[in-house]
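Okay, so here's the structure we're looking at.
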Amino acid sequence: MIKFSLKCAKDHRFDSWFSSNADYDRLQARGLVSCAVCGGDSVEKAIMAPRVTAKNNKNPLSAPASPAEQAVRELRAKIEKSADDVGDNFAVEARKMHEGEVPERSIIGQAKPEEAKALIEDGVPVMPLPWSNRRTN
């Protein structure tokens with residue numbers, strides 16, 4: 001995999017991963033590379049410095065890419081440390097707390113879109129978190 005810094009005709013700058021330089025060239029020639037900000041298809045590689053890591057740095061991809069990513073990591077760690085993970089029972093547990101059936105506490109978990117919508121419509125204070133538990137490669 002190779003990460004390219006790209007920019008569009010409107011000077012939006014963003015990064016994207018490709019299998020290889022040839023893969024980027026092939027996708028670009030077919031008009032399949034577009035700006036991540038405005039969707040424009042006039043995209044080219046921006047000037048970029050090579051990424052050099054020390055030999056003792058075993059996992060450079062685990063380092064935060066930006067201050068915002070670092071802030072999200074810290075927020076996630078704080079929430080996961082202080083909240084009970086109720087998994088797929090999130091909607092049921094949130095509703096029980098809202099109705100006074102169980103003591104209030106901080107919880108995290110998963111809810112189907114229709115369950116989340118029903119909670120919000122019923123005035124249950126919930127919010128989506130800016131990360132996913134899905135594992136992707």
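The way I read the labels, and the way they are meant: chains A, B, ... in the order of the structure tokens, residue 1 as the first residue of every chain, and ligand 1 as the first ligand shown, with later ones counted on from there.
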
Determine, counting only C-alpha atoms, which protein, DNA and RNA residues have an atom within 10 Å of an atom of stretch 97-111 of chain A; residues of the same chain fewer than 2 positions away are not included. Present the result as an mmCIF file with N, CA and C atoms, in the first residue's frame.
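What follows is the written file part-v3.cif:
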data_model
loop_
_atom_site.group_PDB
_atom_site.id
_atom_site.type_symbol
_atom_site.label_atom_id
_atom_site.label_comp_id
_atom_site.auth_asym_id
_atom_site.auth_seq_id
_atom_site.Cartn_x
_atom_site.Cartn_y
_atom_site.Cartn_z
ATOM 1 N N ILE A 79 -14.182 7.492 27.747
ATOM 2 C CA ILE A 79 -15.548 6.975 27.761
ATOM 3 C C ILE A 79 -15.550 5.473 28.022
ATOM 4 N N GLU A 80 -14.682 4.725 27.352
ATOM 5 C CA GLU A 80 -14.659 3.276 27.534
ATOM 6 C C GLU A 80 -14.234 2.895 28.947
ATOM 7 N N SER A 82 -14.960 4.728 31.684
ATOM 8 C CA SER A 82 -15.963 5.135 32.680
ATOM 9 C C SER A 82 -17.381 4.640 32.395
ATOM 10 N N ALA A 83 -17.623 4.023 31.249
ATOM 11 C CA ALA A 83 -18.985 3.600 30.910
ATOM 12 C C ALA A 83 -19.069 2.076 30.841
ATOM 13 N N ASP A 84 -20.276 1.569 31.120
ATOM 14 C CA ASP A 84 -20.527 0.133 30.980
ATOM 15 C C ASP A 84 -20.889 -0.154 29.530
ATOM 16 N N ASP A 85 -20.207 -1.116 28.918
ATOM 17 C CA ASP A 85 -20.532 -1.511 27.547
ATOM 18 C C ASP A 85 -21.657 -2.536 27.615
ATOM 19 N N VAL A 86 -22.839 -2.144 27.160
ATOM 20 C CA VAL A 86 -24.003 -3.030 27.210
ATOM 21 C C VAL A 86 -24.264 -3.700 25.857
ATOM 22 N N GLY A 87 -23.369 -3.485 24.906
ATOM 23 C CA GLY A 87 -23.464 -4.154 23.609
ATOM 24 C C GLY A 87 -24.755 -3.858 22.879
ATOM 25 N N ASP A 88 -25.383 -4.916 22.359
ATOM 26 C CA ASP A 88 -26.615 -4.777 21.582
ATOM 27 C C ASP A 88 -27.823 -4.428 22.449
ATOM 28 N N ASN A 89 -27.679 -4.431 23.775
ATOM 29 C CA ASN A 89 -28.781 -4.090 24.676
ATOM 30 C C ASN A 89 -28.861 -2.593 24.964
ATOM 31 N N PHE A 90 -28.149 -1.790 24.187
ATOM 32 C CA PHE A 90 -28.082 -0.358 24.466
ATOM 33 C C PHE A 90 -29.462 0.292 24.520
ATOM 34 N N ALA A 91 -30.280 0.058 23.513
ATOM 35 C CA ALA A 91 -31.600 0.712 23.456
ATOM 36 C C ALA A 91 -32.458 0.315 24.658
ATOM 37 N N VAL A 92 -32.446 -0.953 25.012
ATOM 38 C CA VAL A 92 -33.255 -1.437 26.142
ATOM 39 C C VAL A 92 -32.762 -0.799 27.443
ATOM 40 N N GLU A 93 -31.443 -0.801 27.665
ATOM 41 C CA GLU A 93 -30.881 -0.239 28.900
ATOM 42 C C GLU A 93 -31.110 1.264 28.984
ATOM 43 N N ALA A 94 -30.918 1.980 27.872
ATOM 44 C CA ALA A 94 -31.128 3.431 27.878
ATOM 45 C C ALA A 94 -32.581 3.763 28.208
ATOM 46 N N ARG A 95 -33.505 3.004 27.634
ATOM 47 C CA ARG A 95 -34.935 3.240 27.892
ATOM 48 C C ARG A 95 -35.267 2.945 29.362
ATOM 49 N N PRO A 113 -30.456 1.606 13.717
ATOM 50 C CA PRO A 113 -30.915 2.967 13.400
ATOM 51 C C PRO A 113 -32.348 3.246 13.851
ATOM 52 N N GLU A 114 -33.242 2.279 13.665
ATOM 53 C CA GLU A 114 -34.635 2.504 14.066
ATOM 54 C C GLU A 114 -34.775 2.582 15.591
ATOM 55 N N GLU A 115 -33.927 1.840 16.321
ATOM 56 C CA GLU A 115 -33.952 1.911 17.788
ATOM 57 C C GLU A 115 -33.457 3.279 18.257
ATOM 58 N N ALA A 116 -32.375 3.759 17.654
ATOM 59 C CA ALA A 116 -31.827 5.060 18.028
ATOM 60 C C ALA A 116 -32.831 6.167 17.735
ATOM 61 N N LYS A 117 -33.483 6.084 16.585
ATOM 62 C CA LYS A 117 -34.485 7.088 16.216
ATOM 63 C C LYS A 117 -35.633 7.102 17.227
ATOM 64 N N LEU A 119 -35.520 6.172 20.377
ATOM 65 C CA LEU A 119 -35.034 6.737 21.636
ATOM 66 C C LEU A 119 -35.047 8.260 21.571
ATOM 67 N N ASP A 122 -38.472 9.737 21.709
ATOM 68 C CA ASP A 122 -39.066 9.634 23.043
ATOM 69 C C ASP A 122 -38.340 10.483 24.084
ATOM 70 N N GLY A 123 -37.369 11.269 23.648
ATOM 71 C CA GLY A 123 -36.669 12.168 24.558
ATOM 72 C C GLY A 123 -35.578 11.525 25.383
ATOM 73 N N VAL A 124 -35.143 10.326 25.016
ATOM 74 C CA VAL A 124 -34.054 9.663 25.736
ATOM 75 C C VAL A 124 -32.745 10.301 25.265
ATOM 76 N N PRO A 125 -31.936 10.837 26.179
ATOM 77 C CA PRO A 125 -30.698 11.513 25.758
ATOM 78 C C PRO A 125 -29.622 10.510 25.329
ATOM 79 N N VAL A 126 -29.430 10.408 24.034
ATOM 80 C CA VAL A 126 -28.403 9.532 23.456
ATOM 81 C C VAL A 126 -27.655 10.302 22.386
ATOM 82 N N MET A 127 -26.474 9.826 22.031
ATOM 83 C CA MET A 127 -25.726 10.436 20.933
ATOM 84 C C MET A 127 -24.795 9.410 20.318
ATOM 85 N N PRO A 128 -24.558 9.519 19.011
ATOM 86 C CA PRO A 128 -23.598 8.621 18.372
ATOM 87 C C PRO A 128 -22.180 9.029 18.759
ATOM 88 N N LEU A 129 -21.302 8.067 18.802
ATOM 89 C CA LEU A 129 -19.907 8.345 19.113
ATOM 90 C C LEU A 129 -19.102 8.386 17.812
ATOM 91 N N SER A 132 -16.185 3.634 15.430
ATOM 92 C CA SER A 132 -16.941 2.412 15.219
ATOM 93 C C SER A 132 -16.203 1.262 15.873
ATOM 94 N N ASN A 133 -16.937 0.261 16.309
ATOM 95 C CA ASN A 133 -16.312 -0.940 16.849
ATOM 96 C C ASN A 133 -16.034 -1.956 15.753
#

Inset, instruction - Could you find all residues in stretch 11-96 of chain A that DSSP calls alpha helix (DSSP H) from the backbone, and write them as a ChimeraX atom specification? - result: /A:21-29,67-82,90-96

Can those selected residues be exported to a file as a tab-separated table (two decimals), in the first residue's frame so that it contains N, CA and C atoms?
chain	number	residue	atom	x	y	z
A	21	ASN	N	1.60	2.59	-7.14
A	21	ASN	CA	1.63	3.76	-8.00
A	21	ASN	C	0.89	3.47	-9.30
A	22	ALA	N	1.07	2.27	-9.83
A	22	ALA	CA	0.39	1.88	-11.07
A	22	ALA	C	-1.13	1.84	-10.87
A	23	ASP	N	-1.57	1.42	-9.69
A	23	ASP	CA	-3.00	1.39	-9.39
A	23	ASP	C	-3.57	2.81	-9.38
A	24	TYR	N	-2.84	3.74	-8.77
A	24	TYR	CA	-3.27	5.14	-8.79
A	24	TYR	C	-3.39	5.62	-10.23
A	25	ASP	N	-2.34	5.39	-11.04
A	25	ASP	CA	-2.34	5.84	-12.43
A	25	ASP	C	-3.52	5.27	-13.21
A	26	ARG	N	-3.82	3.99	-12.99
A	26	ARG	CA	-4.93	3.34	-13.69
A	26	ARG	C	-6.26	3.96	-13.30
A	27	LEU	N	-6.47	4.16	-11.99
A	27	LEU	CA	-7.72	4.76	-11.52
A	27	LEU	C	-7.85	6.21	-11.99
A	28	GLN	N	-6.75	6.95	-11.97
A	28	GLN	CA	-6.75	8.34	-12.42
A	28	GLN	C	-7.11	8.42	-13.90
A	29	ALA	N	-6.54	7.54	-14.71
A	29	ALA	CA	-6.82	7.53	-16.15
A	29	ALA	C	-8.28	7.23	-16.44
A	67	PRO	N	-4.01	16.19	15.40
A	67	PRO	CA	-4.48	16.50	16.76
A	67	PRO	C	-5.94	16.08	16.97
A	68	ALA	N	-6.77	16.19	15.93
A	68	ALA	CA	-8.17	15.78	16.05
A	68	ALA	C	-8.26	14.28	16.31
A	69	GLU	N	-7.47	13.49	15.59
A	69	GLU	CA	-7.48	12.04	15.80
A	69	GLU	C	-6.99	11.71	17.21
A	70	GLN	N	-6.00	12.43	17.70
A	70	GLN	CA	-5.51	12.21	19.06
A	70	GLN	C	-6.60	12.53	20.07
A	71	ALA	N	-7.34	13.61	19.84
A	71	ALA	CA	-8.42	13.99	20.74
A	71	ALA	C	-9.52	12.92	20.77
A	72	VAL	N	-9.84	12.36	19.61
A	72	VAL	CA	-10.86	11.30	19.55
A	72	VAL	C	-10.37	10.07	20.29
A	73	ARG	N	-9.09	9.72	20.13
A	73	ARG	CA	-8.54	8.57	20.86
A	73	ARG	C	-8.64	8.76	22.36
A	74	GLU	N	-8.29	9.97	22.83
A	74	GLU	CA	-8.36	10.24	24.26
A	74	GLU	C	-9.80	10.21	24.77
A	75	LEU	N	-10.72	10.77	23.98
A	75	LEU	CA	-12.13	10.75	24.35
A	75	LEU	C	-12.63	9.31	24.43
A	76	ARG	N	-12.27	8.50	23.44
A	76	ARG	CA	-12.70	7.10	23.43
A	76	ARG	C	-12.18	6.36	24.66
A	77	ALA	N	-10.91	6.56	24.98
A	77	ALA	CA	-10.33	5.88	26.15
A	77	ALA	C	-11.06	6.29	27.43
A	78	LYS	N	-11.35	7.58	27.57
A	78	LYS	CA	-12.04	8.07	28.77
A	78	LYS	C	-13.45	7.49	28.86
A	79	ILE	N	-14.18	7.49	27.75
A	79	ILE	CA	-15.55	6.97	27.76
A	79	ILE	C	-15.55	5.47	28.02
A	80	GLU	N	-14.68	4.72	27.35
A	80	GLU	CA	-14.66	3.28	27.53
A	80	GLU	C	-14.23	2.89	28.95
A	81	LYS	N	-13.44	3.74	29.59
A	81	LYS	CA	-13.02	3.46	30.97
A	81	LYS	C	-14.14	3.72	31.97
A	82	SER	N	-14.96	4.73	31.68
A	82	SER	CA	-15.96	5.13	32.68
A	82	SER	C	-17.38	4.64	32.40
A	90	PHE	N	-28.15	-1.79	24.19
A	90	PHE	CA	-28.08	-0.36	24.47
A	90	PHE	C	-29.46	0.29	24.52
A	91	ALA	N	-30.28	0.06	23.51
A	91	ALA	CA	-31.60	0.71	23.46
A	91	ALA	C	-32.46	0.31	24.66
A	92	VAL	N	-32.45	-0.95	25.01
A	92	VAL	CA	-33.25	-1.44	26.14
A	92	VAL	C	-32.76	-0.80	27.44
A	93	GLU	N	-31.44	-0.80	27.66
A	93	GLU	CA	-30.88	-0.24	28.90
A	93	GLU	C	-31.11	1.26	28.98
A	94	ALA	N	-30.92	1.98	27.87
A	94	ALA	CA	-31.13	3.43	27.88
A	94	ALA	C	-32.58	3.76	28.21
A	95	ARG	N	-33.50	3.00	27.63
A	95	ARG	CA	-34.94	3.24	27.89
A	95	ARG	C	-35.27	2.94	29.36
A	96	LYS	N	-34.71	1.85	29.93
A	96	LYS	CA	-34.97	1.52	31.34
A	96	LYS	C	-34.47	2.63	32.26

Inset, instruction - Could you give me the residues within chain A that DSSP places in strand (DSSP E or B), as a ChimeraX atom specification? - result: /A:2-8,13-18,43-45,84-87,107-109
